[in-house]
Amino acid sequence: METRGTGGAAPADRGRSPGGRGVKREPRPLSARQEAVMAVVRFWIIEHGEGPTIREIGARVGLSSTSSVAYQLAQHEERGLISRTGREWSSCRLEPPKPPRRGLRSR
């Protein structure tokens with residue numbers, strides 16, 4: 001019996017090398033909006049000692065949608081630039097930058 005559509009790599013596997021060992025890419029630089037959000041968070045924490053609310057960030061960056069601000073903050077959290085101590089975004093804090101990895105790992 002012939003099966004169709006199963007030949008080749010699955011869409012999720014495209015671009016990866018066999019065995020799952022691909023070249024690790026450098027993270028993309030922050031966009032202008034992401035830079036603006038980081039600047040607001042950094043300034044707010046310096047001035048007030050705690051993170052700003054989503055609405056405060058949105059007002060300063062020009063985003064009226066709180067979900068857009070939350071998305072931007074989640075992207076920063078994924079990159080390890082900020083972290084939260086609680087569920088609220090106002091509990092966010094800046095994370096120290098991680099040094100770049102250099103050289104090859106030994107086995």
# chains A, B, ... in the order shown; residues from 1 in each chain; ligands from 1
$ select_by_dssp --residues "segment 26-92 of chain A" --states "strand (DSSP E)" --output "PyMOL selection string"
chain A and resi 82-84+92
$ residues_around --residues "segment 78-95 of chain A" --least-positions-apart "2" --cutoff "6 Å" --atoms "only C-alpha atoms" --output "list of chain:residue names"
A:Gly51, A:Pro52, A:Thr53, A:Gln75, A:His76
$ select_by_dssp --residues "segment 28-69 of chain A" --states "helix (DSSP H, G or I)" --output "PyMOL selection string"
chain A and resi 32-48+54-61+66-69
$ write_last_selection --atoms "C-alpha atoms" --output "PDB file, in the first residue's frame"
ATOM      1  CA  ALA A  32      12.660  49.744  18.177  1.00  0.00           C
ATOM      2  CA  ARG A  33       9.460  49.000  20.109  1.00  0.00           C
ATOM      3  CA  GLN A  34      11.207  46.411  22.289  1.00  0.00           C
ATOM      4  CA  GLU A  35      13.990  48.903  22.998  1.00  0.00           C
ATOM      5  CA  ALA A  36      11.370  51.501  23.977  1.00  0.00           C
ATOM      6  CA  VAL A  37       9.635  49.057  26.335  1.00  0.00           C
ATOM      7  CA  MET A  38      12.970  48.163  27.953  1.00  0.00           C
ATOM      8  CA  ALA A  39      13.823  51.849  28.368  1.00  0.00           C
ATOM      9  CA  VAL A  40      10.485  52.506  30.096  1.00  0.00           C
ATOM     10  CA  VAL A  41      10.904  49.509  32.415  1.00  0.00           C
ATOM     11  CA  ARG A  42      14.505  50.459  33.222  1.00  0.00           C
ATOM     12  CA  PHE A  43      13.642  54.123  33.907  1.00  0.00           C
ATOM     13  CA  TRP A  44      10.558  53.252  35.963  1.00  0.00           C
ATOM     14  CA  ILE A  45      12.441  50.813  38.178  1.00  0.00           C
ATOM     15  CA  ILE A  46      15.201  53.378  38.773  1.00  0.00           C
ATOM     16  CA  GLU A  47      12.666  56.113  39.611  1.00  0.00           C
ATOM     17  CA  HIS A  48      10.077  54.120  41.585  1.00  0.00           C
ATOM     18  CA  ILE A  54       1.089  47.410  31.719  1.00  0.00           C
ATOM     19  CA  ARG A  55      -0.999  50.558  31.269  1.00  0.00           C
ATOM     20  CA  GLU A  56       1.888  52.781  32.335  1.00  0.00           C
ATOM     21  CA  ILE A  57       4.190  51.121  29.809  1.00  0.00           C
ATOM     22  CA  GLY A  58       1.563  51.355  27.076  1.00  0.00           C
ATOM     23  CA  ALA A  59       0.975  55.050  27.711  1.00  0.00           C
ATOM     24  CA  ARG A  60       4.687  55.837  27.459  1.00  0.00           C
ATOM     25  CA  VAL A  61       5.398  53.642  24.432  1.00  0.00           C
ATOM     26  CA  THR A  66      -2.685  46.022  27.110  1.00  0.00           C
ATOM     27  CA  SER A  67      -2.338  42.661  25.371  1.00  0.00           C
ATOM     28  CA  SER A  68       0.271  44.178  23.018  1.00  0.00           C
ATOM     29  CA  VAL A  69       2.270  45.406  26.003  1.00  0.00           C
TER      30      VAL A  69
END
$ decode --residues "segment 37-52 of chain A" --atoms "N, CA and C atoms" --output "PDB file, in the first residue's frame"
ATOM      1  N   VAL A  37      10.228  49.705  25.161  1.00  0.00           N
ATOM      2  CA  VAL A  37       9.635  49.057  26.335  1.00  0.00           C
ATOM      3  C   VAL A  37      10.708  48.839  27.400  1.00  0.00           C
ATOM      4  N   MET A  38      11.895  48.375  26.986  1.00  0.00           N
ATOM      5  CA  MET A  38      12.970  48.163  27.953  1.00  0.00           C
ATOM      6  C   MET A  38      13.397  49.475  28.597  1.00  0.00           C
ATOM      7  N   ALA A  39      13.433  50.544  27.819  1.00  0.00           N
ATOM      8  CA  ALA A  39      13.823  51.849  28.368  1.00  0.00           C
ATOM      9  C   ALA A  39      12.820  52.310  29.420  1.00  0.00           C
ATOM     10  N   VAL A  40      11.520  52.107  29.136  1.00  0.00           N
ATOM     11  CA  VAL A  40      10.485  52.506  30.096  1.00  0.00           C
ATOM     12  C   VAL A  40      10.617  51.687  31.379  1.00  0.00           C
ATOM     13  N   VAL A  41      10.778  50.378  31.236  1.00  0.00           N
ATOM     14  CA  VAL A  41      10.904  49.509  32.415  1.00  0.00           C
ATOM     15  C   VAL A  41      12.138  49.906  33.227  1.00  0.00           C
ATOM     16  N   ARG A  42      13.259  50.094  32.538  1.00  0.00           N
ATOM     17  CA  ARG A  42      14.505  50.459  33.222  1.00  0.00           C
ATOM     18  C   ARG A  42      14.348  51.783  33.975  1.00  0.00           C
ATOM     19  N   PHE A  43      13.823  52.805  33.297  1.00  0.00           N
ATOM     20  CA  PHE A  43      13.642  54.123  33.907  1.00  0.00           C
ATOM     21  C   PHE A  43      12.687  54.046  35.100  1.00  0.00           C
ATOM     22  N   TRP A  44      11.572  53.333  34.913  1.00  0.00           N
ATOM     23  CA  TRP A  44      10.558  53.252  35.963  1.00  0.00           C
ATOM     24  C   TRP A  44      11.126  52.585  37.216  1.00  0.00           C
ATOM     25  N   ILE A  45      11.867  51.514  37.027  1.00  0.00           N
ATOM     26  CA  ILE A  45      12.441  50.813  38.178  1.00  0.00           C
ATOM     27  C   ILE A  45      13.444  51.714  38.900  1.00  0.00           C
ATOM     28  N   ILE A  46      14.233  52.461  38.152  1.00  0.00           N
ATOM     29  CA  ILE A  46      15.201  53.378  38.773  1.00  0.00           C
ATOM     30  C   ILE A  46      14.461  54.456  39.558  1.00  0.00           C
ATOM     31  N   GLU A  47      13.399  55.014  38.978  1.00  0.00           N
ATOM     32  CA  GLU A  47      12.666  56.113  39.611  1.00  0.00           C
ATOM     33  C   GLU A  47      11.773  55.668  40.766  1.00  0.00           C
ATOM     34  N   HIS A  48      11.107  54.525  40.626  1.00  0.00           N
ATOM     35  CA  HIS A  48      10.077  54.120  41.585  1.00  0.00           C
ATOM     36  C   HIS A  48      10.435  52.892  42.422  1.00  0.00           C
ATOM     37  N   GLY A  49      11.497  52.191  42.053  1.00  0.00           N
ATOM     38  CA  GLY A  49      11.905  51.027  42.828  1.00  0.00           C
ATOM     39  C   GLY A  49      11.109  49.770  42.554  1.00  0.00           C
ATOM     40  N   GLU A  50      10.180  49.828  41.625  1.00  0.00           N
ATOM     41  CA  GLU A  50       9.400  48.655  41.212  1.00  0.00           C
ATOM     42  C   GLU A  50       9.039  48.812  39.747  1.00  0.00           C
ATOM     43  N   GLY A  51       8.576  47.733  39.147  1.00  0.00           N
ATOM     44  CA  GLY A  51       8.231  47.768  37.735  1.00  0.00           C
ATOM     45  C   GLY A  51       6.946  48.539  37.474  1.00  0.00           C
ATOM     46  N   PRO A  52       6.798  49.069  36.255  1.00  0.00           N
ATOM     47  CA  PRO A  52       5.580  49.787  35.892  1.00  0.00           C
ATOM     48  C   PRO A  52       4.444  48.815  35.592  1.00  0.00           C
TER      49      PRO A  52
END
